[in-house]
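J.: The following block contains the structure, expressed as structure tokens.
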Amino acid sequence: MTADTLIYQKSHHGRRATAQAPAAVVACDIPAQFLRSPPPLMPEASEMQVVRHYTRLSQKNFSIDTHFYPLGSCTMKYNPRACNSLAMQTGFLDRHPLAPEATGQGFLACMYELQQILKTVTGMKGVSLTPMAGAQGEFAGVAMIRAYHDARGDQARREILVPDAAHGTNPATAVMCGFSVREIPTDAHGDVDLAALKEAVGPQTAGIMLTNPSTIGVFERNITEIAAIVHQAGGLLYYDGANLNAILGKVRPGDMGFDVIHLNLHKTFSTPHGGGGPGAGPVGVSERLLPFLPIPVVDRNSDGRYRWLTEQDCPQTIGRLSTFAGNAGILLRAYIYARLLGREGMQRVAEFATLNANYLMARLREAGFEPAFPKRRATHEFIITLKKQARELNVTAMDFAKRLLDYGYHAPTTYFPLLVPECFLIEPTESEDKDTLDGFVAALVAIQREAEADSARVKGAPYTLPVRRLDDVRAARELDLIWKHDNA
Amino acid sequence: MTADTLIYQKSHHGRRATAQAPAAVVACDIPAQFLRSPPPLMPEASEMQVVRHYTRLSQKNFSIDTHFYPLGSCTMKYNPRACNSLAMQTGFLDRHPLAPEATGQGFLACMYELQQILKTVTGMKGVSLTPMAGAQGEFAGVAMIRAYHDARGDQARREILVPDAAHGTNPATAVMCGFSVREIPTDAHGDVDLAALKEAVGPQTAGIMLTNPSTIGVFERNITEIAAIVHQAGGLLYYDGANLNAILGKVRPGDMGFDVIHLNLHKTFSTPHGGGGPGAGPVGVSERLLPFLPIPVVDRNSDGRYRWLTEQDCPQTIGRLSTFAGNAGILLRAYIYARLLGREGMQRVAEFATLNANYLMARLREAGFEPAFPKRRATHEFIITLKKQARELNVTAMDFAKRLLDYGYHAPTTYFPLLVPECFLIEPTESEDKDTLDGFVAALVAIQREAEADSARVKGAPYTLPVRRLDDVRAARELDLIWKHDNA
Amino acid sequence: MPFIPHTETDIRQMLDVIGVPTIETLFDEIPARLTQADISSIPSGLNEQATTRLLLQRAQQDAQPLCFLGAGAYEHHIPAAVWQIAARGEFYSAYTPYQAEASQGTLQLIYEYQSMMAHLTGMDVSNASLYDGGSALSEAVLMAVRANRSSKSRRILMPRTVHPHYRAATQAIVRNQDIILDELNFDLQHGVIDVASLPDAPGDFAALVIPQPNFFGALEDVDALTDWAHRHGALVIAVVNPLALALLKAPGQWGANGADIACGDGQPLGIPLSSGGPYFGFMCCKQAQVRQMPGRIVGRTVDLDGKTGYTLTLQAREQHIRRSKATSNICTNQGLMVTAATIHMALLGAEGLRRVALSSHDNLNGLLQRLQTLPGIERAFARRPFFHETVLRIKQRHVSQLLQTMLQDGVLGGLDLSRYYPELGNTLLLCVTETKTADDLDRYARSLATALQQ
Amino acid sequence: MPFIPHTETDIRQMLDVIGVPTIETLFDEIPARLTQADISSIPSGLNEQATTRLLLQRAQQDAQPLCFLGAGAYEHHIPAAVWQIAARGEFYSAYTPYQAEASQGTLQLIYEYQSMMAHLTGMDVSNASLYDGGSALSEAVLMAVRANRSSKSRRILMPRTVHPHYRAATQAIVRNQDIILDELNFDLQHGVIDVASLPDAPGDFAALVIPQPNFFGALEDVDALTDWAHRHGALVIAVVNPLALALLKAPGQWGANGADIACGDGQPLGIPLSSGGPYFGFMCCKQAQVRQMPGRIVGRTVDLDGKTGYTLTLQAREQHIRRSKATSNICTNQGLMVTAATIHMALLGAEGLRRVALSSHDNLNGLLQRLQTLPGIERAFARRPFFHETVLRIKQRHVSQLLQTMLQDGVLGGLDLSRYYPELGNTLLLCVTETKTADDLDRYARSLATALQQ
Ligand SMILES: Cc1ncc(COP(=O)(O)O)c(C=O)c1O
Ligand SMILES: Cc1ncc(COP(=O)(O)O)c(C=O)c1O
């Protein structure tokens, strides 16, 4: 049994982790027509087999706890271990979501205080914690923009503006909210093309979705002008908070003129990425969008007790986006992180994330790599383009990325944003030290030498991981999505 | 920074895991003469560096949770994860050892019940949980034998008998208790040489230390005769419980005639080995040794409340072996395991540990490997000897052991017991499945083939681990035991 | 500086390399007006010790009553191994497996998860998770509208026996795309949809949603409902409790052709109650519709040497490729919950899950038996088969007061249904799981008896 | 069958290979009389859920009071990372690193541990741990007797200011080898050994034990004591609180030549109180005596390719090689505790440990200040420097009653010393650590004031 054997392949009929199940019940009053047979094909394994299998599988992952992971736009910073253990206390874990508020005053106090902290740090007037990831935060935000226009009887505003550099969730969200999308180009320096924007706005404009710093790693310098243009046209400004780490505690979206914002707590507030989630995407709004916040929201009574606000309290709410109240346990972790940092710590996040990115960009530039926007400051992240390497050596950004894995570094985000060819979007975060950044530069320099001397070496990477480069085309063409009895 | 860099080498002056320390205190009333300067040379690292460093270090270990680990005499069975999490509850962890018993009734109830369970399963009359590992259990046991003879005014008994196959702790313990040691030979079938024993006993005999099954993996068939011989000579019988897994719940040392016994809870009761401990080595005694049990022991008052017995209650006790009450948290884990198993589960431990060992021995014999005691049943473990391979192929047991690591199996115990040349002492434990045992046989067969075809390949192993074979001689000759500033 | 490793020397050297005098300078592209953020009302940082003290106290304050409340979130035993492994740094602190070669652990695990979920639901394929049950249903509705090629309808038949919060979430999400949820009433006598009363020509619907068990714990006539829907050109969206599927007929086997989409909340598979989240939504469908499915999907493939490996696949459906044409905007999903659930399912297996389901149901029956002698209590849908959850009608006392009294006694007695279903009168929804002992059931009965008398 | 993976088919196949009809047959070499063990009084097995319920209840029953008790076990903040990493399966479930190549994780960690401990104590080398503080002292005594080449004495000078339990454990362990512990009294006014009163010709002793801080929290004149012992041919065994060493003079620097052996309990370095264990004993010594040191030692070396690696070394001292001539019988030590302590020390560093020490001490001073106004309370050794622990003399009320009253108030007020030191009269030993806030100190003062008045 090699380590990549599936748990199904380690199964034997009749084997069980006996300590984990209750005794068998013989009698069952449910009529046969409702019952299944045969039983589902599930693994049959002992407790130790399961523990060993998943422990070994875990070792095949890169993660923050094991590797530098400079994935641009993802803010792979250290996840403090206390955030996990304190959120996983019995008192919190055992609480039923529909239990009376009296049984959850400790939990609700944390949620209320988190709302306050997020309001202050974003400069918004109200916050709802319920969205379960960034994309759902976007949905909530854009749905509120729609609800706002609808409430004013302005049904003509059915278009959302999105810069061409935007994350894919932005246009996808706009469509989910029933809008059509118009792309706005980026100018040569990475800012939104103001002329194009002016031309695009009009009575059909519901709003614009922006990240600032943008996904190309620079601060949108004309943000005040943009806000004026869109507001004057009657549209609202949506802030995608995925990049908030760059400015946390230093610059507030509310002060830039945004009407609505989501935060990615699994980025900026260091809740775990968990191999793909769960996240949390709270939304903050300015005064005029307050009535539309998704429910539930925590309120504090005059007697100091906490309670949920629901439809009854918020008749204009866009409604409920999750079965209960969003990813409560993740929100708890973010709250704990916020308390550990405090206001000074938040400002330092922005400062040192920015310092690390600018240092890394300077070092890479020195080493001969080409920043995509060489005239600009890096924010918490920046882009280099490997188009020269692709052209001259036939070694692509993907090849560099795979070879980096052999050097013990997770690759940066590749091929995003789409408008920069052969790009790496590099975000070191504030929690990495200088030695690590220097090691990363050295690795890229070494790969560059390899590419020059023997490009096949780089193109064949990785060599030292559990598998070599995988055949994605075959994966999509010969779909093999589940284990079946007759599988190899 | 490669993964084998020391945490010291990742340090930078002034770096700190800030969240972990209290604010600096300026004033200190302790006079300078008592204070140190300069500060000790300690790592200076960030929290993430520490987490990453030790997470990655952990990945360089074999362990039960990742590998088959058939280390004879060590009982590397599955450590149920519930034993860890339930023992690590705040109520247990926060209790001060000198806090009044009123604050620890839950904990003491567990300890009391554990004493009862261990008494029953060993067939002894009293149990003290305090010894902190097997060797300390041995110490307690042999010290009680001494106290017993001393209390009877029999000062002449200053010799302890030990079979030549005994674990090194046995003779070392006897000496720590002020005894001299006489070795008793093993006969050709692995039993104690009765004739030699009869000759050895006499008025100088304080007792004999035995394991049964013995360290050569067979059950001592003449145990009743041995007990008679030693008892008739006025000596007592000590049972080294390291191998209790073989007979748990089926055969009781008390019924064999033993006067005193220790258990290795970190073997038989599945508490973690932790990379070398902590263990727990409770001692059980027959009636006549009851007064000498080491303190503290838990008693139950008539009102159902629990309390510690101390010197006041046990004036003849051999005393206190630990600062407080031994490895309480480990005892809790053993208690939890005992409750999960129950009496039926305990018997099954013996049965399936024995089944696995006998199966593995049969398969290896089939495959051409030579059992050291081919006429005997295996107990929970057995020995194969690779003396033929060493002689004919110049491939030693050590070479086989190192090559097994490349195949993903921890090596069995090698070169113990000392009386079997080039031996593997193999203990699969009850928690391994048949496929794993089959895989292990296949690996040994493959290595045998390699040894025949290309012995250098085997002698150069391992190849796939973090390091290749280490230079032990240099380690002992050029002692490098701590990191210093000027180290490489 | 918590979680920031920089020493003074580091900072100096780094600024020198960049060529700026201070960190402040790095923010010089930002309009000065904007860098004056006042966040002084946020508390100062606490060290871990003080934070621990605070959070311990908050959690202790929330000591929980004995729980007989279900309604979409179920208290089950979670093996200790589940979270000890899921919380390992390599799972906990990894990102979405974009670099497949460096994420084989997560990817293989998701492939195993997809396999388990597909077999549990009797469907062909599964995605790698959605947010939760309610939002999964909304995605299923959107998918059904896309997938139903025979109908161009944007109408969905949504029974009132579906969890009210699922309906609310679905409504909030799909209404923006002009999709209409048509409410389907239930039989007040039996607490299920009366198939016989369904019209022969219901109009054009994209899909019928079928909950099993439904919100009342009652078992719907899933075969007849499925066939009825298919007869009328509607797809069938099954909303199921995945644990119940260890026992109940799998959606893939409903009626003649099986449900088309199965979704629900994975919480009963190893996820703590945790005030409602994080849980995870699951979604399975037929092979033919896999390209309409939202969310990530992992596929098995081979590497350059022909060795088996796992990778994200069918990404062309997703927002990062298809942008405004994507099947959904979902990006981050509930990965860590899937990790826990996969370990949980592997530990329990089909037989273990079945025992949990049966034992839960058996415990409910045990409790109902104890309540039989209490005057003024009756089951609202007494003749309908059910699973581990049921509706009690209370005669003498207002349910909300009754529950309040029981709570003071340390018992969370159920859910007051009057808020959600005024048509049912004074009723409560009661749930029992395998976590309850005979003593617990006695305690409930005693507590209820006492509360009734007050 | 909990934790046993065998299916019926497996069992059948395995028995066939062995060639026996039943598992019972495998026990046929055991005399029949012996296989009838009656263990029916052991309870039946519980599943994990029932066991969890039981243990949760037991732990909850033991909710702990606010702790002001030290006396050899100290409540300090332990970073969450410490046990989350130490409990990883690869550390938790590994054996002693006998196959070095497969245990580089544990081995490198121990090498780091040895380095930290040696630097903290100011000694040359450290072993890989002993059981706990008390048993470490007994091993130090045995080692001193072996190591002192200039004296053949089996007598040890053991001050009464050493922890009474350490003395008891040492006595129980060393008396079997006819080693005599000679008690050394302390100055009742200052709570320390009065160096001036030590005799000029004390007789022949193998070693003098010096605690720092001593059991009363008082600071001994370690320099003078060390020089006095060395002058008289005795070795010096330092018994120290390792956390205090972040602040106090290291044993290696005591007097002109430093202590010869430093030992103690590592509990303050990241180990929970846990009713007394598992903790770990540490031992450090001079390079010259490393071969007399008991316990495991890890050394750095190279592999076949010249790459750095770590391995157990100097095993010729140990029981598995030297058997009856070994330096000790110790085999299993406290590995996992060392893992935790190493992570703890790495997280805190010298400055962090120093802050913890200073803050603890400062908190004690803060509490003493609050108690100043209370009548009938005074410090027993008011003029002696001390560290984070001290002795209070109580005038009005019997200490045991006082502590009892405070306990009912949720405060663990200290240790009643009358049992251990009748010569001190009505006194209690009070300890404060960095875990206490100003509110906690107020609470103690209030509680004591109230208790005094009863
Ligand atoms: C710029 C940007 N916007 C939005 C998102 C979506 O956030 P989530 O993945 O939490 O849904 C991301 C996540 O990668 C992002 O980088
Ligand atoms: C037979 C035997 N006796 C005694 C011991 C010593 O036990 P411990 O290591 O717990 O001190 C062992 C441990 O390996 C052993 O195998």
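Every chain in the structure tokens takes a letter, A first, then B, and so on in the order presented; its residues are numbered from 1, and the ligands are numbered from 1 following the presented order.
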Write out, as CSV, each residue of chain D that has an atom at most 8 Å from chain A, together with the closest pair of atoms and their distance in Å to one decimal, counting only C-alpha atoms, rows going by chain and rising number.
T.:
residue,atom,partner,partner_atom,distance
D:Met1,CA,A:Thr18,CA,5.7
D:Pro2,CA,A:Thr18,CA,4.8
D:Phe3,CA,A:Glu47,CA,6.4
D:Ile4,CA,A:Ser46,CA,7.0
D:Pro5,CA,A:Ser46,CA,5.1
D:His6,CA,A:Arg15,CA,6.6
D:Thr7,CA,A:Arg15,CA,5.5
D:Glu8,CA,A:Gly14,CA,7.7
D:Leu46,CA,A:Ala19,CA,7.6
D:Asn47,CA,A:Ala19,CA,4.6
D:Glu48,CA,A:Ala19,CA,5.3
D:Gln49,CA,A:Gln20,CA,7.2
D:Pro79,CA,A:Ala82,CA,7.4
D:Ala80,CA,A:Ala82,CA,4.9
D:Ala81,CA,A:Arg81,CA,5.3
D:Gln84,CA,A:Arg81,CA,7.6
D:Gly89,CA,A:Thr55,CA,7.7
J.: At most 12 Å is the cut-off: for each residue in chain C with any atom that close to an atom of ligand 1, write down the nearest atom pair and the distance in Å rounded to one decimal, counting only C-alpha atoms and all ligand atoms, chain first then increasing number, as a Markdown table.
T.:
| residue | atom | partner | partner_atom_place_in_ligand_line | distance |
| --- | --- | --- | --- | --- |
| C:Tyr95 | CA | ligand 1 | 14 (O) | 9.8 |
| C:Thr96 | CA | ligand 1 | 9 (O) | 9.0 |
| C:Tyr98 | CA | ligand 1 | 14 (O) | 11.2 |
| C:Leu130 | CA | ligand 1 | 11 (O) | 10.9 |
| C:Tyr131 | CA | ligand 1 | 11 (O) | 10.1 |
| C:Gly295 | CA | ligand 1 | 11 (O) | 11.0 |
| C:Arg296 | CA | ligand 1 | 9 (O) | 11.7 |
| C:Glu318 | CA | ligand 1 | 9 (O) | 11.8 |
| C:Gln319 | CA | ligand 1 | 6 (C) | 9.6 |
| C:His320 | CA | ligand 1 | 14 (O) | 9.0 |
| C:Arg323 | CA | ligand 1 | 4 (C) | 11.7 |
| C:Ser328 | CA | ligand 1 | 11 (O) | 10.8 |
| C:Asn329 | CA | ligand 1 | 11 (O) | 7.6 |
| C:Ile330 | CA | ligand 1 | 11 (O) | 5.8 |
| C:Cys331 | CA | ligand 1 | 9 (O) | 4.3 |
| C:Thr332 | CA | ligand 1 | 9 (O) | 3.7 |
| C:Asn333 | CA | ligand 1 | 11 (O) | 7.3 |
| C:Gln334 | CA | ligand 1 | 10 (O) | 10.1 |
| C:Gly335 | CA | ligand 1 | 9 (O) | 11.4 |
J.: Dump N, CA, C and O atoms for the selected residues as a short mmCIF file (atom, residue, chain, number, x, y, z; two decimals), in the first residue's frame?
T.:
data_model
loop_
_atom_site.label_atom_id
_atom_site.label_comp_id
_atom_site.auth_asym_id
_atom_site.auth_seq_id
_atom_site.Cartn_x
_atom_site.Cartn_y
_atom_site.Cartn_z
N TYR C 95 -3.68 26.68 1.07
CA TYR C 95 -4.67 27.36 0.24
C TYR C 95 -5.37 26.34 -0.66
O TYR C 95 -5.03 25.16 -0.67
N THR C 96 -6.36 26.79 -1.37
CA THR C 96 -6.95 26.03 -2.45
C THR C 96 -5.83 25.40 -3.30
O THR C 96 -4.87 26.07 -3.61
N TYR C 98 -4.15 25.07 -5.93
CA TYR C 98 -3.89 25.54 -7.29
C TYR C 98 -2.64 24.92 -7.89
O TYR C 98 -2.56 24.73 -9.10
N LEU C 130 -19.93 23.47 -1.25
CA LEU C 130 -20.45 24.83 -1.35
C LEU C 130 -20.50 25.36 0.09
O LEU C 130 -20.02 24.69 0.99
N TYR C 131 -21.08 26.55 0.29
CA TYR C 131 -20.97 27.13 1.63
C TYR C 131 -21.72 26.36 2.71
O TYR C 131 -21.17 25.96 3.71
N GLY C 295 -18.93 25.23 -8.41
CA GLY C 295 -17.95 24.80 -7.40
C GLY C 295 -16.82 24.00 -7.99
O GLY C 295 -16.82 23.61 -9.14
N ARG C 296 -15.83 23.75 -7.13
CA ARG C 296 -14.64 23.05 -7.58
C ARG C 296 -14.90 21.56 -7.71
O ARG C 296 -15.71 20.99 -6.98
N GLU C 318 -15.69 27.79 -13.98
CA GLU C 318 -15.55 28.63 -12.79
C GLU C 318 -15.24 30.09 -13.11
O GLU C 318 -14.80 30.43 -14.20
N GLN C 319 -15.46 30.91 -12.10
CA GLN C 319 -15.37 32.36 -12.28
C GLN C 319 -13.98 32.83 -12.68
O GLN C 319 -13.84 33.78 -13.43
N HIS C 320 -12.93 32.13 -12.20
CA HIS C 320 -11.60 32.67 -12.51
C HIS C 320 -11.24 32.45 -13.98
O HIS C 320 -10.33 33.09 -14.48
N ARG C 323 -15.39 34.02 -15.76
CA ARG C 323 -15.81 35.35 -15.30
C ARG C 323 -17.34 35.51 -15.37
O ARG C 323 -18.03 34.71 -14.73
N SER C 328 -21.15 29.94 -11.32
CA SER C 328 -21.39 30.57 -10.01
C SER C 328 -20.23 31.49 -9.74
O SER C 328 -19.18 31.39 -10.37
N ASN C 329 -20.40 32.39 -8.77
CA ASN C 329 -19.25 33.21 -8.38
C ASN C 329 -18.41 32.53 -7.29
O ASN C 329 -17.43 33.08 -6.82
N ILE C 330 -18.78 31.32 -6.87
CA ILE C 330 -18.11 30.73 -5.72
C ILE C 330 -16.63 30.50 -6.01
O ILE C 330 -16.25 30.07 -7.10
N CYS C 331 -15.82 30.80 -5.03
CA CYS C 331 -14.36 30.67 -5.16
C CYS C 331 -13.91 29.88 -3.94
O CYS C 331 -13.94 28.65 -3.95
N THR C 332 -13.58 30.53 -2.82
CA THR C 332 -13.34 29.83 -1.57
C THR C 332 -14.59 29.04 -1.21
O THR C 332 -15.70 29.57 -1.25
N ASN C 333 -14.40 27.74 -0.87
CA ASN C 333 -15.56 26.97 -0.41
C ASN C 333 -15.34 26.58 1.05
O ASN C 333 -14.84 27.40 1.82
N GLN C 334 -15.69 25.39 1.45
CA GLN C 334 -15.58 25.04 2.87
C GLN C 334 -14.57 23.90 3.08
O GLN C 334 -14.81 22.95 3.82
N GLY C 335 -13.41 24.04 2.43
CA GLY C 335 -12.44 22.95 2.36
C GLY C 335 -12.15 22.21 3.66
O GLY C 335 -12.16 20.98 3.70
#
J.: Show me which residues line ligand 2, defined as having an atom within 8 Å of a ligand atom where only C-alpha atoms and all ligand atoms count, and present them as a VMD selection string.
T.: (chain B and resid 72 to 74 132 to 138 166 to 170 211 214 to 215 240 to 243 264 266 277 279 to 281) or (chain D and resid 329 to 333)
J.: When you draw a straight line from CA of Thr390 (chain D) to CA of Arg95 (chain B), how long is it in Å?
T.: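 Computing the Euclidean distance for CA of Thr390 (chain D) and CA of Arg95 (chain B) yields 20.8 Å.
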J.: Find the residues around His190 (chain D) up to 10 Å (only C-alpha atoms counted), leave out those fewer than 6 positions away in its own chain, and share them as a VMD selection string.
T.: chain D and resid 216 218 to 220 380 to 385
J.: Skipping near chain neighbours, those fewer than 2 positions away, what residues fall within 6 Å of region 275-282 of chain C using only C-alpha atoms, listed as a list of chain:residue names?
T.: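 Final neighbour list, sorted by chain and number: A:Arg95, A:His96, A:Pro97, A:Phe324, A:Ala325, A:Gly326, A:Asn327, A:Ala328, A:Gly329, C:Ser129, C:Leu130, C:Tyr131, C:Asp132, C:Gly133, C:Ala136, C:Cys263, C:Gly264, C:Asp265, C:Gly266, C:Gln267, C:Leu273, C:Gln334.
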J.: DSSP on the backbone: which residues in region 300-405 of chain B end up as helix (DSSP H, G or I)? Give the answer as JSON, numbers by chain.
T.: {"B": [328, 329, 330, 331, 332, 333, 334, 335, 336, 337, 338, 339, 340, 341, 342, 343, 344, 345, 346, 347, 348, 349, 350, 351, 352, 353, 354, 355, 356, 357, 358, 359, 360, 361, 362, 363, 364, 365, 366, 387, 388, 389, 390, 391, 392, 393, 397, 398, 399, 400, 401, 402, 403, 404, 405]}
J.: Hey, can you check how far CA of Arg370 (chain D) sits from CA of Gln396 (chain D)?
T.: 18.2 Å
J.: Tell me, as a list in words, which residues lie within 6 Å of region 102-112 of chain D, counting only C-alpha atoms; anything in the same chain fewer than 2 positions away does not count.
T.: Leu57, Ser58, Lys60, Asn61 and Phe62 of chain B; Pro97, Gln99, Ala100, Gln114, Ser115, Val298 and Tyr310 of chain D
J.: Next, the residues of the selection above should be written as a short mmCIF file (atom, residue, chain, number, x, y, z; two decimals), in the first residue's frame with all heavy atoms.
T.:
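And here is the file that came out, part.cif:
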data_model
loop_
_atom_site.label_atom_id
_atom_site.label_comp_id
_atom_site.auth_asym_id
_atom_site.auth_seq_id
_atom_site.Cartn_x
_atom_site.Cartn_y
_atom_site.Cartn_z
N LEU B 57 10.14 19.68 11.32
CA LEU B 57 10.94 18.65 12.01
C LEU B 57 10.09 17.40 12.25
O LEU B 57 10.54 16.28 12.04
CB LEU B 57 11.44 19.17 13.36
CG LEU B 57 12.78 19.89 13.39
CD1 LEU B 57 13.25 20.04 14.83
CD2 LEU B 57 13.84 19.14 12.58
N SER B 58 8.85 17.62 12.68
CA SER B 58 8.02 16.46 13.00
C SER B 58 7.88 15.55 11.79
O SER B 58 7.83 14.34 11.92
CB SER B 58 6.63 16.90 13.49
OG SER B 58 5.81 17.28 12.40
N LYS B 60 9.93 14.64 9.84
CA LYS B 60 11.10 13.77 9.62
C LYS B 60 11.09 12.54 10.51
O LYS B 60 12.08 11.82 10.57
CB LYS B 60 12.37 14.57 9.89
CG LYS B 60 12.57 15.71 8.93
CD LYS B 60 13.87 16.40 9.31
CE LYS B 60 14.35 17.32 8.22
NZ LYS B 60 15.76 17.61 8.43
N ASN B 61 10.02 12.35 11.23
CA ASN B 61 9.93 11.17 12.11
C ASN B 61 9.07 10.08 11.49
O ASN B 61 8.03 10.37 10.89
CB ASN B 61 9.22 11.57 13.41
CG ASN B 61 10.18 12.07 14.46
OD1 ASN B 61 11.38 12.13 14.25
ND2 ASN B 61 9.63 12.43 15.61
N PHE B 62 9.46 8.84 11.70
CA PHE B 62 8.52 7.73 11.60
C PHE B 62 7.73 7.71 12.92
O PHE B 62 8.25 8.10 13.96
CB PHE B 62 9.25 6.40 11.43
CG PHE B 62 9.69 6.10 10.02
CD1 PHE B 62 10.12 7.10 9.16
CD2 PHE B 62 9.71 4.79 9.55
CE1 PHE B 62 10.54 6.81 7.86
CE2 PHE B 62 10.12 4.48 8.26
CZ PHE B 62 10.54 5.49 7.41
N PRO D 97 14.23 7.42 19.67
CA PRO D 97 14.82 7.43 18.32
C PRO D 97 15.96 6.44 18.13
O PRO D 97 17.11 6.84 17.93
CB PRO D 97 15.27 8.88 18.17
CG PRO D 97 15.46 9.39 19.54
CD PRO D 97 14.46 8.68 20.39
N GLN D 99 16.26 4.25 15.61
CA GLN D 99 16.70 4.26 14.21
C GLN D 99 16.87 5.73 13.83
O GLN D 99 15.92 6.39 13.38
CB GLN D 99 15.67 3.59 13.29
CG GLN D 99 15.51 2.10 13.50
CD GLN D 99 16.75 1.31 13.09
OE1 GLN D 99 17.62 1.81 12.37
NE2 GLN D 99 16.83 0.07 13.56
N ALA D 100 18.06 6.22 14.01
CA ALA D 100 18.28 7.66 13.90
C ALA D 100 17.78 8.23 12.57
O ALA D 100 17.18 9.31 12.53
CB ALA D 100 19.76 7.97 14.08
N GLN D 114 18.92 20.28 24.34
CA GLN D 114 20.17 20.21 25.11
C GLN D 114 20.91 21.53 25.07
O GLN D 114 21.46 22.00 26.08
CB GLN D 114 21.07 19.09 24.56
CG GLN D 114 20.54 17.70 24.82
CD GLN D 114 21.34 16.59 24.15
OE1 GLN D 114 21.03 15.42 24.31
NE2 GLN D 114 22.37 16.92 23.38
N SER D 115 20.92 22.14 23.89
CA SER D 115 21.60 23.43 23.74
C SER D 115 20.95 24.49 24.62
O SER D 115 21.62 25.22 25.35
CB SER D 115 21.55 23.89 22.28
OG SER D 115 22.08 22.89 21.43
N VAL D 298 21.93 13.19 22.93
CA VAL D 298 21.95 13.24 21.47
C VAL D 298 23.18 14.01 21.02
O VAL D 298 23.53 15.05 21.60
CB VAL D 298 20.68 13.92 20.93
CG1 VAL D 298 20.80 14.21 19.44
CG2 VAL D 298 19.47 13.03 21.20
N TYR D 310 21.71 13.77 13.37
CA TYR D 310 21.71 13.67 14.83
C TYR D 310 21.45 12.22 15.23
O TYR D 310 20.71 11.50 14.57
CB TYR D 310 20.65 14.59 15.42
CG TYR D 310 20.87 16.01 14.98
CD1 TYR D 310 20.35 16.48 13.76
CD2 TYR D 310 21.67 16.86 15.72
CE1 TYR D 310 20.60 17.77 13.32
CE2 TYR D 310 21.93 18.17 15.29
CZ TYR D 310 21.40 18.61 14.09
OH TYR D 310 21.66 19.88 13.65
#
J.: Using DSSP on the backbone, list every residue of region 238-433 of chain D that comes out as strand (DSSP E), and give them as a PyMOL selection string.
T.: chain D and resi 238-240+261-265+281-285+297-302+308-313+377-379+389-394+411-412+415-416+427-431
